[in-house]
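J.: Structure incoming, see below.
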Amino acid sequence: MFDSITLGQYYQTDSVLHRLDPRVKLVGTFTYLISLFIVDSFVGYILAALFLAAMIMLSNVPFRYIIRGMKAIIFLLLITVVFNLFLTPGEVIWQLGFLKMTREGLTFAVKMAVRLSLLILGSSIMTLTTTPTQLTDALESLLRPLKKVHVPVHEIAMMMSIALRFIPILMEETDKIMKAQIARGADFESKNLIKKIKSMVPLLVPLFISAFRRANDLAMAMEARCYRGGEGRTKMKPLVYQNRDRIAYLILLAFFVVCILTRIYF
Amino acid sequence: MGIKVDDISFLYERGTAMQVTALDHVSAEIPDNQFIGLIGHTGSGKSTFVQTLNGLLKPTTGHIYYNGEDIDGEKFDKKKLRSDVGLVFQYPEHQLFEVDVITDVMFGPRNLGLSEAEAKKRALEALESVHMPKDLYKSSPFDLSGGQKRRAAIAGVLAMRPKILILDEPTAGLDPKGRDEILGMIAGMKRDLNMTIILVSHSMDDVARYVDRIMVMGGGKLLYDDVPVKVFRHVKELEELGLAAPQITYIMKLLKERGLDVSTDALNVKEAAAEIMAHRRELHV
């Protein structure tokens, strides 16, 4: 039932990107997102798209799988495009009743669509090639300097990894409860809004109860293993930079600089 | 008429690196009024199989016919199918949600579009069939004990008056007493309500005592489909699948190996005792 939600779900395979240190991928994704907002020219967007295409190729994740994840946000993309298209003031080039399409709106909408798609694809490349555990490890490691100013970095990372860990579990649970209620004749596909909301009750009540039960069990299991936070805790798989990570940082830096240059010269 | 399963296969995560074949060309017939045990190790495909039977999962290839009609046909009424083929999931108590037991059991009949009075009538009957104490009808389902919760949940499906009732591991996580109660209750339902029951389990001992027919699944395939006596003759193959024959089969086998010429087809203690007594002359005590 949740087959279509692939946006950001880890895709298990072997590739350079999968083996890369998660810190590089996290920094890389942020660099990419920032550079998407730095570039503002045709050449710049081509460059960003090419970079992304290269990453997709390196990731070994089937392109079809990545695109399938995009389906979920296509609606959001459409709304943005339509709003920009008709609500930007400027030189009118086409009119339908009170709807005015402007030249400025057109360029802006196209830019926005390209930017958004690259942005989403770019960040999903990270989550497709990095497990949630690796991601939170990377976050914890990168935020470590903040410990000096008493930010509970380890606790935040722990909460994040628990939250992420529970997404697939709760999704599976939702699927199971949904099926059980469908087997009892429940109708989750009603078009009527009020009926639809009402039909959620047999799903949400058991789901919340099970979430609380799981949270309780987890807390108990952690206590039983004497968990008491980050102080003095070691890791089973400590993060260590390899040569490939250093090269990746260099490539990122080069990409970033070129992006700034396109902004200046084009 | 019942269900006819015609060469179905089911793949999870089709077309990705995680593709798993859960069902591999399975064919079977499920007639009216039969008590069937469906046995298999974890991951053998038995849960997937039962979910295809009431249309919750659509087979990747192959067809399922209910009373001669293809259940994936365009005109087929799936809602009717789901009321006729009742499916009780593993840990069914996790689906309880209403304020009290009786309202929860009425959820199914109400979804069938029955009147309030009729729904209540069916709910009361169902609760009686699962031996729910009357004073608990009005209490919150979350205040019940584990076994009671499970019975309430089974009643929730039973209240839809299915012609075929499938129970997926109905004894999972219960203590021996709770397990015997549930199994006894299911056998009683079979006797009183004249329906087909499919009992999914990984325990031969649970199943051997009650069923008319055993289906054994392994690796997504239907490996054996026969009367219990004949299935248990494949002790070695069953063990390779991570299953076991009932305890009593082992005892009889051991006796036979030690020279007592008994048949190993006994299914319960009573039959075994009779068989041994019939051969008592050979005992040199």
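A note on labels: chains of the structure tokens are A, B, ... as shown, every chain counts residues from 1, and ligands are counted from 1 in their shown order.
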Taking only C-alpha atoms into account, what are the residues of chain A at most 6 Å from chain B, put as an mmCIF file with C-alpha atoms, in the first residue's frame?

T.:
data_model
loop_
_atom_site.group_PDB
_atom_site.id
_atom_site.type_symbol
_atom_site.label_atom_id
_atom_site.label_comp_id
_atom_site.auth_asym_id
_atom_site.auth_seq_id
_atom_site.Cartn_x
_atom_site.Cartn_y
_atom_site.Cartn_z
ATOM 1 C CA ILE A 177 -4.083 -2.253 10.823
ATOM 2 C CA ALA A 183 -11.054 -7.141 6.238
ATOM 3 C CA ARG A 184 -13.766 -5.961 8.641
ATOM 4 C CA GLY A 185 -15.404 -3.989 5.864
ATOM 5 C CA PRO A 202 -10.354 2.773 13.383
ATOM 6 C CA VAL A 205 -6.660 4.775 17.593
ATOM 7 C CA PRO A 206 -4.862 1.406 17.268
#

J.: With only C-alpha atoms as the counted atoms, please give the residues lying no more than 10 Å from B:Gln148, apart from itself and same-chain residues fewer than 2 positions off, as an MDAnalysis selection string.

T.: chainID B and resid 93 130:133 136 141:146 150:154 178 182

J.: Work out how far atom CA of B:Tyr210 is from atom CA of B:Ile36, in Å to one decimal.

T.: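 It comes out at 8.7 Å.
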
J.: Using only C-alpha atoms, pick whichever of A:Gly97, A:Gly90, A:Gly44, A:Pro62 has the shortest atom-to-atom distance to A:Phe256.

T.: A:Gly44

J.: Run DSSP on the backbone and give me the residues of stretch 98-234 of chain A it puts in helix (DSSP H, G or I), as a PyMOL selection string.

T.: chain A and resi 103-129+132-149+153-183+193-224

J.: If you count only C-alpha atoms, which residues fall within 12 Å of stretch 99-101 of chain A, apart from same-chain ones fewer than 4 positions away, as a ChimeraX atom specification?

T.: /A:81-95,105-109

J.: Please, what distance in Å, to one decimal, runs between atom CA of B:Ser27 and atom CA of A:Glu172?

T.: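 Between atom CA of B:Ser27 and atom CA of A:Glu172 the gap works out to 28.0 Å.
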
J.: If I take atom CA of B:Asp84 and atom CA of B:Lys163, how far is one from the other in Å, to one decimal?

T.: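 The value is 5.1 Å.
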
J.: I want to know what sits within 6 Å of B:Ile197, based on only C-alpha atoms, with residues of the same chain fewer than 3 positions away left out; could you give that as number ranges by chain?

T.: B: 35, 164-166

J.: If you keep N, CA and C atoms, can you produce a file of those selected residues as a compact mmCIF listing (two decimals), in the first residue's frame?

T.:
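Writing the result to out-v2.txt gives the following:
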# COMPACT_ATOMS: atom_id res chain seq x y z
N PHE B 35 -12.17 -28.09 7.59
CA PHE B 35 -11.26 -27.51 8.57
C PHE B 35 -9.84 -27.76 8.06
N ILE B 164 -16.16 -18.49 5.04
CA ILE B 164 -14.82 -19.05 5.21
C ILE B 164 -14.11 -18.15 6.20
N LEU B 165 -13.59 -18.73 7.26
CA LEU B 165 -12.91 -17.93 8.26
C LEU B 165 -11.43 -18.33 8.29
N ILE B 166 -10.56 -17.34 8.09
CA ILE B 166 -9.13 -17.61 8.11
C ILE B 166 -8.54 -16.99 9.37

J.: Please identify all polymer residues within 10 Å of stretch 133-138 of chain A, counting only C-alpha atoms, omitting same-chain residues fewer than 3 positions from it, and present them as a ChimeraX atom specification.

T.: /A:21-27,126-127,129-130,141-144,154,156-162,164-165,235,237-239

J.: Tell me which protein, DNA and RNA residues are within 7 Å of B:Gly45, counting only C-alpha atoms, leaving out same-chain ones fewer than 3 positions away, and put them as a PyMOL selection string.

T.: chain B and resi 22-23+48-49+217+219-220

J.: Quick one: everything within 7 Å of B:Val5, counting only C-alpha atoms, minus sequence neighbours fewer than 5 positions away in the same chain. Send it as a list in words.

T.: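 Close residues of B:Val5: Ser27, Ala28, Glu29, His63, Ile64 and Tyr65 of chain B.
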
J.: Would you save the residues of that selection, restricted to N, CA and C atoms, as a CSV table (one decimal), in the first residue's frame?

T.:
chain,number,residue,atom,x,y,z
B,27,SER,N,-1.4,-23.4,-6.4
B,27,SER,CA,-2.8,-23.7,-6.8
B,27,SER,C,-3.4,-24.5,-5.7
B,28,ALA,N,-4.7,-24.3,-5.4
B,28,ALA,CA,-5.4,-25.1,-4.4
B,28,ALA,C,-6.9,-24.8,-4.5
B,29,GLU,N,-7.7,-25.7,-3.9
B,29,GLU,CA,-9.1,-25.5,-3.8
B,29,GLU,C,-9.5,-25.5,-2.4
B,63,HIS,N,-4.9,-16.4,-11.0
B,63,HIS,CA,-6.3,-15.9,-10.7
B,63,HIS,C,-6.8,-16.6,-9.5
B,64,ILE,N,-7.7,-16.0,-8.8
B,64,ILE,CA,-8.5,-16.6,-7.7
B,64,ILE,C,-10.0,-16.5,-8.0
B,65,TYR,N,-10.7,-17.6,-7.9
B,65,TYR,CA,-12.1,-17.6,-8.2
B,65,TYR,C,-12.9,-17.9,-6.9

J.: As a ChimeraX atom specification, please: every residue in stretch 189-283 of chain B that a backbone DSSP assignment puts in strand (DSSP E).

T.: /B:196-201,213-218,221-226
